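A short worksheet on the structure shown next.
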Amino acid sequence: MQNSSVDITIEGMTCASCVNRVEKALNKVPGVSKAVVNLATERAHVEWAAEPGSAEALFAAVEKVGYTAHPVADKQPVASLDAERTQLIVAGLLTLPLVLPMLLEPFGLHWMLPGWLQLALTTPLQFVIGARFYKAGWKAVKARSGNMDLLVALGTSAAYGLSVYQLVRGGPLYFESAAVIITLVLLGKYLEARAKQQTTAAIKALEALRPDRARVRRAGQELEVPMQEVVLGDQVIVRPGEKIPVDGLIVEGTSQVDESMITGESLPVLRSQGDKVTGGSLNTDGLLVVETKALGAETTLARIIRLVETAQTEKAPIQRLVDKVSAIFVPAVLVIALVTMLGWIISGASWELALIHAVAVLVIACPCALGLATPTSMMVGTGLAARHGILIKDAETLEIAHEVKTLAFDKTGTLTEGRPTLTAIHAVDHDHQKLLEHAAAVQVGSEHPLARSVVARAQAEGLTVTPARDSRVVAGRGVEGTVMDHVLIIGTASYLAGYHIDVSPVAAVVQSWHRDGQTVSYIADKTTGTLLGCLAFSDPLKADAKSTIEHLHAQGLQTVLITGDNRQAAERVAAQLGIQKVFAEVLPQDKARIVKELKSDGRKVAMVGDGINDAPALAAADVGMAMATGTDVAMHTAGITLMRGQPLLIPDALMISRKTYQKIRQNLFWAFIYNALGIPLAALGYLSPMIAGAAMAFSSVSVVTNALLLKRWRPSAVAKVAS
């Protein structure tokens, strides 16, 4: 059976070690084939291999290793941003008197709080506000593992305990170290929480597009009803300035519709009777009546939100390295701290000083930054892409896309408008009108762009088109149907050759059409084996097709055209656009084979298409890109969906991938460098516990802030052409 999946909220995770432990616990639940946990979103995506099990089993597994789990819909954050802020303020007020003497000392003021007052200030900070670290640390110990909370709890407890001992003996006190460490950790957690809220801004903005109510026309009356009561087929009335609440078809009215949040298109577009509209779009200046075609989870907006959420929950391949490191990180730090203490004692230092250096090691090693480095960048990158009309299916696609070296294009609907027009008709018996009537009869039910143009031409000439009987499509080759007891076939020369039908009588005409870059279809009588004539079609290039190829070449990428069209027409398009390599007269199944051949030299290949016949090639490519103006099959197969039929989104999609991956590498570098430099410095006595705490908090905040800098990115390719 097909795999099913569920998303759950995980509370209490603080670092990469927590993520690793929760994943292991979930993957051990019977029936689970894959569990992916994201620290930044605090979610787990779980896939079941067989009959879906109970979510309660997942919750129990999470709680067994020391965390709390909920269904996503029921999430009630225990530590909200307000609660984090309150704890931070209280901790700051308790800590300030302890550090004030240090701040005044440079000004020649030597003053120190009495030891008993230091104890009174630090104790509630250590055991009330800091209780969260003890609880989470103890759960980690019970699970025979370690996490950031365990390191903080051990480090601050050691500093606090040493200070109490020294208070009794009359020695130097270190209460301020314990207090400052806890306050700095809380500051880091508060700033992280604020920053993480910003990383989910894209989804929040999309969710805000969903109206709560709709105005429907029923039995001649207008009724305002909750969205839950709207049904398929309802006629929804949308006034100027209102959001369109459903996906549907305009049955009355004309208006400019702002689709920017759905497609990334900056300017409103004209929509009138017969046009499709998308729920969440803004009706700007006219009254529209929209017949409902999709609701709830089936709407375009809901699918976009699901895609963005999936991309943000999924784990990038580079994160696997972090997981491997985090699995052994905390135990290794505990060993290093113990070795540090023993080393200082052996070298002749007092055990108090040795303990302080060990505390510094424990504090600076907290692996928060390591756990946040990848997911925060992924969240910002995928959310930003969605805002500009680029939907990225998962984290792996985003990571692979930055390595793409070859772009393979389908022609029709991708580089061309996809709305070909019938430009010429040639009948062997010179009865052009009869040939057009027969061609339209065979293709009247087809959704193929060439077929639609034939039917439109016949209707424009006032012909009566009676649908053929037993019509059927032969993918990538042609169509056939019965007209007046004769089976007529329309398609390529190779399709007709399969029935031994000679096309040479129209060779001269066809050759001249090909020279003009037109696409040719033949029509023949399969019953008698005779050629009836041929049709010529032209499909204009999209306005930004040439600019797209130029941008890709400027990035050092190879471009390839793979089309079922005839070679002369394909080569003419390639020459106009500057495409470097052409594969013409290709069957749908052969497109996938060509993509695999392009990959054979180790180059990463992206395939761009929009039709059902492109789906195998999209799946075969390292990265599939589909135009949302095309078929649903293509979009479901592709890793990246371009919400506008604008080729210039292609170089921008690759650019946002590169920028995001660049941020991931920068974040991982800083996360590793903090620990690689900080731990030895702390072990050698160059960092006090307070400085270590500040560095640890700063590392987490800097990683999240660096990821948020991605928000400054703008789609350069589209911007350059617009200017």
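Following the order of the structure tokens, chains are lettered A, B, ..., residues in each are numbered from 1, and ligands are numbered from 1.
Omitting Leu684 in chain A and its sequence neighbours fewer than 6 positions away, and counting only C-alpha atoms, the residues within 9 Å are Thr340, Trp344 and His357 of chain A.
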File dump, residues just selected, all heavy atoms, as a tab-separated table (two decimals), in the first residue's frame:
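Listed below is the output, selection18.tsv:
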```
chain	number	residue	atom	x	y	z
A	340	THR	N	40.00	18.25	31.17
A	340	THR	CA	40.46	19.61	31.49
A	340	THR	C	40.66	19.77	33.00
A	340	THR	O	41.70	20.29	33.45
A	340	THR	CB	39.42	20.64	31.00
A	340	THR	OG1	39.32	20.55	29.58
A	340	THR	CG2	39.81	22.06	31.41
A	344	TRP	N	44.40	20.31	34.79
A	344	TRP	CA	44.76	21.48	35.61
A	344	TRP	C	45.20	21.06	37.01
A	344	TRP	O	46.15	21.62	37.58
A	344	TRP	CB	43.59	22.46	35.69
A	344	TRP	CG	43.51	23.35	34.49
A	344	TRP	CD1	42.76	23.16	33.37
A	344	TRP	CD2	44.23	24.56	34.27
A	344	TRP	NE1	42.95	24.16	32.46
A	344	TRP	CE2	43.85	25.06	32.99
A	344	TRP	CE3	45.16	25.29	35.03
A	344	TRP	CZ2	44.38	26.23	32.46
A	344	TRP	CZ3	45.67	26.47	34.50
A	344	TRP	CH2	45.29	26.93	33.23
A	357	HIS	N	37.57	26.07	34.97
A	357	HIS	CA	37.94	25.86	33.56
A	357	HIS	C	37.09	24.76	32.93
A	357	HIS	O	36.71	24.86	31.75
A	357	HIS	CB	39.43	25.51	33.46
A	357	HIS	CG	40.33	26.65	33.84
A	357	HIS	ND1	40.05	27.95	33.55
A	357	HIS	CD2	41.54	26.66	34.50
A	357	HIS	CE1	41.00	28.74	34.00
A	357	HIS	NE2	41.92	27.98	34.58
```
### Task
Please provide as a list in words all residues within 7 Å of range 267-272 of chain A, with the sequence filter that same-chain residues fewer than 3 positions apart are discarded (counting only C-alpha atoms).
Ile250, Gly253, Thr254, Ser255, Gln256, Val257, Asp258, Glu259 and Asp275 of chain A
### Task
Quick one: everything within 10 Å of Lys64 in chain A, counting only C-alpha atoms, minus sequence neighbours fewer than 3 positions away in the same chain. Send it as a ChimeraX atom specification.
/A:22,25,58-61,67-68,139-140,142-143
Take the residues from that selection and write them out as a PDB file, in the first residue's frame, keeping N, CA and C atoms.
```
ATOM      1  N   VAL A  22      15.450  12.296  19.256  1.00  0.00           N
ATOM      2  CA  VAL A  22      14.026  12.155  18.930  1.00  0.00           C
ATOM      3  C   VAL A  22      13.849  11.346  17.650  1.00  0.00           C
ATOM      4  N   ALA A  25      14.272   7.690  18.372  1.00  0.00           N
ATOM      5  CA  ALA A  25      13.117   7.145  19.090  1.00  0.00           C
ATOM      6  C   ALA A  25      11.940   6.915  18.150  1.00  0.00           C
ATOM      7  N   LEU A  58       3.679   7.364  18.719  1.00  0.00           N
ATOM      8  CA  LEU A  58       4.738   8.335  18.436  1.00  0.00           C
ATOM      9  C   LEU A  58       4.943   9.267  19.631  1.00  0.00           C
ATOM     10  N   PHE A  59       3.812   9.733  20.208  1.00  0.00           N
ATOM     11  CA  PHE A  59       3.912  10.634  21.364  1.00  0.00           C
ATOM     12  C   PHE A  59       4.622   9.945  22.529  1.00  0.00           C
ATOM     13  N   ALA A  60       4.276   8.662  22.733  1.00  0.00           N
ATOM     14  CA  ALA A  60       4.883   7.912  23.840  1.00  0.00           C
ATOM     15  C   ALA A  60       6.389   7.747  23.630  1.00  0.00           C
ATOM     16  N   ALA A  61       6.784   7.485  22.383  1.00  0.00           N
ATOM     17  CA  ALA A  61       8.210   7.302  22.085  1.00  0.00           C
ATOM     18  C   ALA A  61       8.976   8.595  22.332  1.00  0.00           C
ATOM     19  N   TYR A  67      10.927  14.361  25.898  1.00  0.00           N
ATOM     20  CA  TYR A  67      10.343  15.526  25.241  1.00  0.00           C
ATOM     21  C   TYR A  67       8.827  15.382  25.214  1.00  0.00           C
ATOM     22  N   THR A  68       8.146  16.410  24.740  1.00  0.00           N
ATOM     23  CA  THR A  68       6.685  16.404  24.678  1.00  0.00           C
ATOM     24  C   THR A  68       6.249  16.498  23.228  1.00  0.00           C
ATOM     25  N   LYS A 139      16.157  14.201  31.945  1.00  0.00           N
ATOM     26  CA  LYS A 139      15.529  13.318  30.959  1.00  0.00           C
ATOM     27  C   LYS A 139      16.564  12.757  29.989  1.00  0.00           C
ATOM     28  N   ALA A 140      17.538  13.605  29.631  1.00  0.00           N
ATOM     29  CA  ALA A 140      18.597  13.140  28.735  1.00  0.00           C
ATOM     30  C   ALA A 140      19.435  12.055  29.392  1.00  0.00           C
ATOM     31  N   LYS A 142      18.422   9.989  31.732  1.00  0.00           N
ATOM     32  CA  LYS A 142      17.610   8.767  31.791  1.00  0.00           C
ATOM     33  C   LYS A 142      17.584   8.062  30.438  1.00  0.00           C
ATOM     34  N   ALA A 143      17.677   8.867  29.375  1.00  0.00           N
ATOM     35  CA  ALA A 143      17.689   8.283  28.023  1.00  0.00           C
ATOM     36  C   ALA A 143      19.103   7.883  27.597  1.00  0.00           C
TER      37      ALA A 143
END
```
### Message
Please list as a list in words every residue within 9 Å of Tyr661 in chain A, counting only C-alpha atoms and excluding residues in the same chain fewer than 3 positions away.
### Response
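Near Tyr661 in chain A, the qualifying residues are Thr374, Ser377, Met378, Gly381, Leu398, Glu399, His402, Ile656, Ser657, Arg658, Ile664, Arg665 and Gln666 of chain A.
Of the listed residues (A:Asp7, A:Gly685, A:Glu403, A:Ala440), A:Gly685 comes nearest to Ala349 in chain A; the distances count only C-alpha atoms.
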#### Entry: Residues of range 216-420 of chain A in alpha helix (DSSP H), written as a PyMOL selection string
chain A and resi 260-263+300-313+319-346+351-364+368-387+395-401
Output C-alpha atoms of each residue in that selection to a file, as a PDB file, in the first residue's frame.
```pdb
ATOM      1  CA  SER A 260       1.177  38.362  -6.305  1.00  0.00           C
ATOM      2  CA  MET A 261       1.094  36.227  -3.140  1.00  0.00           C
ATOM      3  CA  ILE A 262       0.305  33.113  -5.195  1.00  0.00           C
ATOM      4  CA  THR A 263       2.421  33.575  -8.313  1.00  0.00           C
ATOM      5  CA  THR A 300      -3.934  25.839  -5.094  1.00  0.00           C
ATOM      6  CA  LEU A 301      -3.215  27.875  -1.957  1.00  0.00           C
ATOM      7  CA  ALA A 302      -3.512  24.797   0.285  1.00  0.00           C
ATOM      8  CA  ARG A 303      -1.180  22.850  -2.009  1.00  0.00           C
ATOM      9  CA  ILE A 304       1.339  25.714  -1.939  1.00  0.00           C
ATOM     10  CA  ILE A 305       1.262  25.824   1.867  1.00  0.00           C
ATOM     11  CA  ARG A 306       1.729  22.039   2.037  1.00  0.00           C
ATOM     12  CA  LEU A 307       4.686  22.235  -0.353  1.00  0.00           C
ATOM     13  CA  VAL A 308       6.371  25.012   1.643  1.00  0.00           C
ATOM     14  CA  GLU A 309       5.737  23.216   4.958  1.00  0.00           C
ATOM     15  CA  THR A 310       7.137  19.969   3.557  1.00  0.00           C
ATOM     16  CA  ALA A 311      10.227  21.716   2.227  1.00  0.00           C
ATOM     17  CA  GLN A 312      10.797  23.370   5.602  1.00  0.00           C
ATOM     18  CA  THR A 313      10.290  20.141   7.554  1.00  0.00           C
ATOM     19  CA  GLN A 319      22.319  17.863   7.703  1.00  0.00           C
ATOM     20  CA  ARG A 320      23.249  14.163   7.937  1.00  0.00           C
ATOM     21  CA  LEU A 321      26.830  15.186   8.656  1.00  0.00           C
ATOM     22  CA  VAL A 322      25.586  17.372  11.514  1.00  0.00           C
ATOM     23  CA  ASP A 323      23.507  14.484  12.874  1.00  0.00           C
ATOM     24  CA  LYS A 324      26.511  12.177  12.931  1.00  0.00           C
ATOM     25  CA  VAL A 325      28.583  14.783  14.758  1.00  0.00           C
ATOM     26  CA  SER A 326      25.839  15.647  17.243  1.00  0.00           C
ATOM     27  CA  ALA A 327      25.344  11.993  18.194  1.00  0.00           C
ATOM     28  CA  ILE A 328      28.785  11.916  19.794  1.00  0.00           C
ATOM     29  CA  PHE A 329      29.210  15.628  20.543  1.00  0.00           C
ATOM     30  CA  VAL A 330      27.828  15.940  24.087  1.00  0.00           C
ATOM     31  CA  PRO A 331      29.510  12.766  25.445  1.00  0.00           C
ATOM     32  CA  ALA A 332      32.775  13.982  23.893  1.00  0.00           C
ATOM     33  CA  VAL A 333      32.400  17.386  25.577  1.00  0.00           C
ATOM     34  CA  LEU A 334      31.825  15.744  28.973  1.00  0.00           C
ATOM     35  CA  VAL A 335      35.042  13.776  28.495  1.00  0.00           C
ATOM     36  CA  ILE A 336      36.942  16.934  27.447  1.00  0.00           C
ATOM     37  CA  ALA A 337      35.630  18.794  30.520  1.00  0.00           C
ATOM     38  CA  LEU A 338      36.761  15.950  32.801  1.00  0.00           C
ATOM     39  CA  VAL A 339      40.181  15.813  31.143  1.00  0.00           C
ATOM     40  CA  THR A 340      40.455  19.613  31.494  1.00  0.00           C
ATOM     41  CA  MET A 341      39.788  19.467  35.223  1.00  0.00           C
ATOM     42  CA  LEU A 342      42.206  16.584  35.782  1.00  0.00           C
ATOM     43  CA  GLY A 343      44.848  18.254  33.598  1.00  0.00           C
ATOM     44  CA  TRP A 344      44.760  21.475  35.607  1.00  0.00           C
ATOM     45  CA  ILE A 345      44.898  19.588  38.911  1.00  0.00           C
ATOM     46  CA  ILE A 346      47.870  17.501  37.724  1.00  0.00           C
ATOM     47  CA  TRP A 351      40.792  22.088  42.262  1.00  0.00           C
ATOM     48  CA  GLU A 352      38.584  25.211  42.415  1.00  0.00           C
ATOM     49  CA  LEU A 353      40.389  26.760  39.421  1.00  0.00           C
ATOM     50  CA  ALA A 354      40.368  23.407  37.602  1.00  0.00           C
ATOM     51  CA  LEU A 355      36.615  23.152  38.110  1.00  0.00           C
ATOM     52  CA  ILE A 356      36.042  26.692  36.777  1.00  0.00           C
ATOM     53  CA  HIS A 357      37.941  25.863  33.560  1.00  0.00           C
ATOM     54  CA  ALA A 358      35.917  22.649  33.185  1.00  0.00           C
ATOM     55  CA  VAL A 359      32.709  24.699  33.619  1.00  0.00           C
ATOM     56  CA  ALA A 360      33.850  27.038  30.820  1.00  0.00           C
ATOM     57  CA  VAL A 361      34.321  24.012  28.519  1.00  0.00           C
ATOM     58  CA  LEU A 362      30.824  22.712  29.320  1.00  0.00           C
ATOM     59  CA  VAL A 363      29.182  26.068  28.679  1.00  0.00           C
ATOM     60  CA  ILE A 364      30.873  27.096  25.436  1.00  0.00           C
ATOM     61  CA  CYS A 368      22.610  25.040  19.677  1.00  0.00           C
ATOM     62  CA  ALA A 369      24.179  26.711  16.655  1.00  0.00           C
ATOM     63  CA  LEU A 370      24.997  23.341  15.125  1.00  0.00           C
ATOM     64  CA  GLY A 371      21.348  22.266  15.242  1.00  0.00           C
ATOM     65  CA  LEU A 372      20.020  25.555  13.857  1.00  0.00           C
ATOM     66  CA  ALA A 373      22.572  26.093  11.066  1.00  0.00           C
ATOM     67  CA  THR A 374      20.816  24.120   8.317  1.00  0.00           C
ATOM     68  CA  PRO A 375      17.063  24.234   9.099  1.00  0.00           C
ATOM     69  CA  THR A 376      16.886  28.010   9.589  1.00  0.00           C
ATOM     70  CA  SER A 377      18.550  28.614   6.208  1.00  0.00           C
ATOM     71  CA  MET A 378      16.229  26.095   4.537  1.00  0.00           C
ATOM     72  CA  MET A 379      13.149  27.715   6.067  1.00  0.00           C
ATOM     73  CA  VAL A 380      14.104  31.213   4.976  1.00  0.00           C
ATOM     74  CA  GLY A 381      15.188  30.051   1.488  1.00  0.00           C
ATOM     75  CA  THR A 382      12.056  28.033   0.697  1.00  0.00           C
ATOM     76  CA  GLY A 383       9.758  30.698   2.152  1.00  0.00           C
ATOM     77  CA  LEU A 384      11.458  33.441   0.153  1.00  0.00           C
ATOM     78  CA  ALA A 385      11.274  31.396  -3.043  1.00  0.00           C
ATOM     79  CA  ALA A 386       7.542  30.804  -2.499  1.00  0.00           C
ATOM     80  CA  ARG A 387       6.997  34.541  -2.103  1.00  0.00           C
ATOM     81  CA  ALA A 395      15.115  20.337   1.074  1.00  0.00           C
ATOM     82  CA  GLU A 396      16.994  17.840  -1.073  1.00  0.00           C
ATOM     83  CA  THR A 397      15.833  19.568  -4.266  1.00  0.00           C
ATOM     84  CA  LEU A 398      17.000  22.937  -2.947  1.00  0.00           C
ATOM     85  CA  GLU A 399      20.395  21.526  -2.047  1.00  0.00           C
ATOM     86  CA  ILE A 400      20.925  19.681  -5.350  1.00  0.00           C
ATOM     87  CA  ALA A 401      19.768  22.620  -7.496  1.00  0.00           C
TER      88      ALA A 401
END
```
### Query
Restricting the calculation to only C-alpha atoms, which member of A:Tyr499, A:Tyr190, A:Tyr165, A:Tyr134 is positioned closest to Val152 in chain A?
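Nearest to Val152 in chain A: A:Tyr134.
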### Query
Closest to Asn20 in chain A among A:Leu450, A:Val36, A:Cys534, A:Ile523, using only C-alpha atoms?
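Of A:Leu450, A:Val36, A:Cys534, A:Ile523, the one nearest Asn20 in chain A is A:Val36, counting only C-alpha atoms.
With only C-alpha atoms as the atoms that count, the minimum distance from Gly564 in chain A to the choices A:Gly624, A:Gly241, A:Pro467, A:Gly491 is reached by A:Gly491.
A straight line drawn from CA of Met607 in chain A to CA of His514 in chain A is 25.9 Å long.
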### Message
My list of candidates is A:Pro114, A:Pro97, A:Gly645, A:Gly418. Which is closest to Pro540 in chain A when distances are computed with only C-alpha atoms?
### Response
A:Gly418
### Message
Quick one: residues within 10 Å of Thr423 in chain A, only C-alpha atoms, excluding same-chain residues fewer than 3 positions away - as a ChimeraX atom specification?
### Response
/A:420,453-454,457,513,518-519,535-539
Write out the residues from the selection above, keeping all heavy atoms, as a CSV table (one decimal), in the first residue's frame.
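Once written, again_23.csv looks like this:
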```csv
chain,number,residue,atom,x,y,z
A,420,PRO,N,-0.3,27.5,-29.9
A,420,PRO,CA,0.0,27.5,-31.3
A,420,PRO,C,-1.3,27.8,-32.1
A,420,PRO,O,-2.4,27.5,-31.7
A,420,PRO,CB,0.5,26.1,-31.6
A,420,PRO,CG,-0.1,25.2,-30.5
A,420,PRO,CD,-0.2,26.1,-29.3
A,453,SER,N,-6.2,24.5,-31.5
A,453,SER,CA,-6.1,25.5,-32.5
A,453,SER,C,-6.8,25.1,-33.8
A,453,SER,O,-7.4,26.0,-34.5
A,453,SER,CB,-4.6,25.8,-32.8
A,453,SER,OG,-4.0,24.7,-33.5
A,454,VAL,N,-6.8,23.8,-34.1
A,454,VAL,CA,-7.6,23.3,-35.3
A,454,VAL,C,-9.1,23.5,-35.1
A,454,VAL,O,-9.8,24.0,-36.0
A,454,VAL,CB,-7.3,21.8,-35.5
A,454,VAL,CG1,-8.2,21.3,-36.6
A,454,VAL,CG2,-5.8,21.6,-35.9
A,457,ARG,N,-10.0,27.2,-35.3
A,457,ARG,CA,-10.0,27.7,-36.7
A,457,ARG,C,-11.3,27.2,-37.4
A,457,ARG,O,-11.9,28.0,-38.2
A,457,ARG,CB,-8.8,27.1,-37.4
A,457,ARG,CG,-8.7,27.4,-38.9
A,457,ARG,CD,-8.4,28.9,-39.2
A,457,ARG,NE,-8.1,29.1,-40.7
A,457,ARG,CZ,-7.0,29.0,-41.3
A,457,ARG,NH1,-5.9,28.7,-40.5
A,457,ARG,NH2,-6.8,29.1,-42.6
A,513,TRP,N,7.5,25.0,-45.1
A,513,TRP,CA,7.0,25.3,-43.8
A,513,TRP,C,8.1,25.1,-42.7
A,513,TRP,O,8.2,25.9,-41.8
A,513,TRP,CB,5.8,24.4,-43.5
A,513,TRP,CG,4.5,24.7,-44.2
A,513,TRP,CD1,4.3,25.9,-44.9
A,513,TRP,CD2,3.3,24.0,-44.3
A,513,TRP,NE1,3.0,25.9,-45.5
A,513,TRP,CE2,2.4,24.7,-45.1
A,513,TRP,CE3,2.9,22.7,-43.8
A,513,TRP,CZ2,1.1,24.2,-45.4
A,513,TRP,CZ3,1.6,22.2,-44.1
A,513,TRP,CH2,0.8,23.0,-44.9
A,518,GLN,N,7.9,26.3,-38.8
A,518,GLN,CA,6.6,25.9,-38.4
A,518,GLN,C,6.5,24.4,-38.1
A,518,GLN,O,7.3,23.6,-38.7
A,518,GLN,CB,5.6,26.2,-39.5
A,518,GLN,CG,5.5,27.7,-39.7
A,518,GLN,CD,4.4,28.1,-40.7
A,518,GLN,OE1,3.3,28.4,-40.2
A,518,GLN,NE2,4.7,28.2,-42.0
A,519,THR,N,5.6,24.0,-37.2
A,519,THR,CA,5.4,22.6,-36.9
A,519,THR,C,4.3,22.0,-37.8
A,519,THR,O,3.3,22.7,-38.2
A,519,THR,CB,4.9,22.5,-35.4
A,519,THR,OG1,5.9,23.0,-34.6
A,519,THR,CG2,4.6,21.0,-35.1
A,535,LEU,N,-1.1,20.1,-42.1
A,535,LEU,CA,-1.4,21.4,-41.4
A,535,LEU,C,-0.1,22.0,-40.9
A,535,LEU,O,0.7,21.3,-40.4
A,535,LEU,CB,-2.4,21.1,-40.3
A,535,LEU,CG,-3.6,20.2,-40.6
A,535,LEU,CD1,-4.3,19.8,-39.3
A,535,LEU,CD2,-4.6,21.0,-41.5
A,536,ALA,N,0.0,23.3,-40.9
A,536,ALA,CA,1.1,24.0,-40.4
A,536,ALA,C,0.7,24.8,-39.2
A,536,ALA,O,-0.3,25.5,-39.2
A,536,ALA,CB,1.8,24.9,-41.4
A,537,PHE,N,1.6,24.8,-38.1
A,537,PHE,CA,1.3,25.5,-36.9
A,537,PHE,C,2.5,26.4,-36.5
A,537,PHE,O,3.6,26.0,-36.7
A,537,PHE,CB,1.0,24.6,-35.7
A,537,PHE,CG,-0.1,23.6,-36.0
A,537,PHE,CD1,0.1,22.4,-36.6
A,537,PHE,CD2,-1.4,23.9,-35.6
A,537,PHE,CE1,-0.9,21.5,-36.9
A,537,PHE,CE2,-2.5,23.0,-35.8
A,537,PHE,CZ,-2.2,21.8,-36.5
A,538,SER,N,2.2,27.5,-36.0
A,538,SER,CA,3.3,28.3,-35.4
A,538,SER,C,3.0,28.7,-34.0
A,538,SER,O,1.9,28.9,-33.6
A,538,SER,CB,3.6,29.6,-36.2
A,538,SER,OG,2.5,30.5,-36.1
A,539,ASP,N,4.0,28.6,-33.1
A,539,ASP,CA,3.9,28.9,-31.7
A,539,ASP,C,4.9,30.0,-31.3
A,539,ASP,O,6.1,29.7,-31.3
A,539,ASP,CB,4.1,27.6,-30.9
A,539,ASP,CG,3.8,27.8,-29.4
A,539,ASP,OD1,3.3,28.8,-29.0
A,539,ASP,OD2,4.2,26.8,-28.7
```
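CA of Thr123 in chain A to CA of Tyr160 in chain A spans 8.4 Å [interatomic distance, one decimal].
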### Message
Using Å and a single decimal, report how far CA of Lys542 in chain A sits from CA of Lys659 in chain A.
### Response
27.2 Å
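The protein and nucleic acid residues lying at most 10 Å from range 129-133 of chain A are Gly12, Gln87, Leu88, Val90, Ala91, Thr123, Pro124, Leu125, Gln126, Ala136, Gly137, Trp138, Lys139, Asn147, Met148, Asp149, Leu150, Leu151, Val152, Ala153, Leu154, Thr156, Ala179, Ile182, Thr183, Val185 and Leu186 of chain A, with only C-alpha atoms considered and sequence neighbours fewer than 3 positions away removed.
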### Message
Set the distance at 12 Å and use only C-alpha atoms: which residues neighbour Val465 in chain A once local chain neighbours fewer than 6 positions away are removed? I'd like the list as a VMD selection string.
### Response
chain A and resid 433 to 445 454 to 459 483
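For the choices A:Ser688, A:Gln511, A:Ser504, A:Ser446, the atom-to-atom distance to Thr530 in chain A is smallest for A:Ser504 when using only C-alpha atoms.
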### Task
Could you pull out the residues in range 14-48 of chain A that DSSP calls strand (DSSP E) from the backbone, as a ChimeraX atom specification?
/A:32-38,43-48
Next, dump the selected residues to file, keeping only N, CA, C and O atoms, as a short mmCIF file (atom, residue, chain, number, x, y, z; two decimals), in the first residue's frame.
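again-v3.cif, freshly written:
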```
data_model
loop_
_atom_site.label_atom_id
_atom_site.label_comp_id
_atom_site.auth_asym_id
_atom_site.auth_seq_id
_atom_site.Cartn_x
_atom_site.Cartn_y
_atom_site.Cartn_z
N VAL A 32 7.05 2.60 11.39
CA VAL A 32 7.62 3.85 10.90
C VAL A 32 8.76 3.54 9.93
O VAL A 32 9.69 2.80 10.25
N SER A 33 8.67 4.09 8.72
CA SER A 33 9.73 3.87 7.73
C SER A 33 10.75 5.00 7.74
O SER A 33 11.91 4.81 7.39
N LYS A 34 10.30 6.20 8.14
CA LYS A 34 11.20 7.35 8.12
C LYS A 34 10.66 8.43 9.03
O LYS A 34 9.46 8.74 9.00
N ALA A 35 11.54 9.00 9.85
CA ALA A 35 11.16 10.13 10.70
C ALA A 35 12.21 11.22 10.55
O ALA A 35 13.40 10.95 10.67
N VAL A 36 11.77 12.42 10.25
CA VAL A 36 12.67 13.56 10.08
C VAL A 36 12.25 14.64 11.07
O VAL A 36 11.09 15.05 11.08
N VAL A 37 13.18 15.10 11.88
CA VAL A 37 12.89 16.10 12.91
C VAL A 37 13.61 17.40 12.57
O VAL A 37 14.79 17.38 12.21
N ASN A 38 12.89 18.51 12.70
CA ASN A 38 13.45 19.82 12.38
C ASN A 38 13.46 20.67 13.65
O ASN A 38 12.41 20.93 14.24
N ARG A 43 9.15 20.47 14.62
CA ARG A 43 8.21 19.47 14.09
C ARG A 43 8.93 18.20 13.68
O ARG A 43 10.13 18.24 13.36
N ALA A 44 8.16 17.12 13.64
CA ALA A 44 8.66 15.86 13.10
C ALA A 44 7.72 15.41 11.99
O ALA A 44 6.50 15.49 12.13
N HIS A 45 8.30 14.98 10.88
CA HIS A 45 7.52 14.41 9.77
C HIS A 45 7.76 12.91 9.77
O HIS A 45 8.90 12.46 9.60
N VAL A 46 6.71 12.14 10.00
CA VAL A 46 6.84 10.68 10.16
C VAL A 46 6.09 9.98 9.03
O VAL A 46 4.93 10.29 8.76
N GLU A 47 6.77 9.04 8.37
CA GLU A 47 6.15 8.25 7.31
C GLU A 47 5.98 6.81 7.79
O GLU A 47 6.89 6.23 8.38
N TRP A 48 4.80 6.25 7.51
CA TRP A 48 4.50 4.87 7.89
C TRP A 48 4.72 3.96 6.68
O TRP A 48 4.29 4.27 5.58
#
```
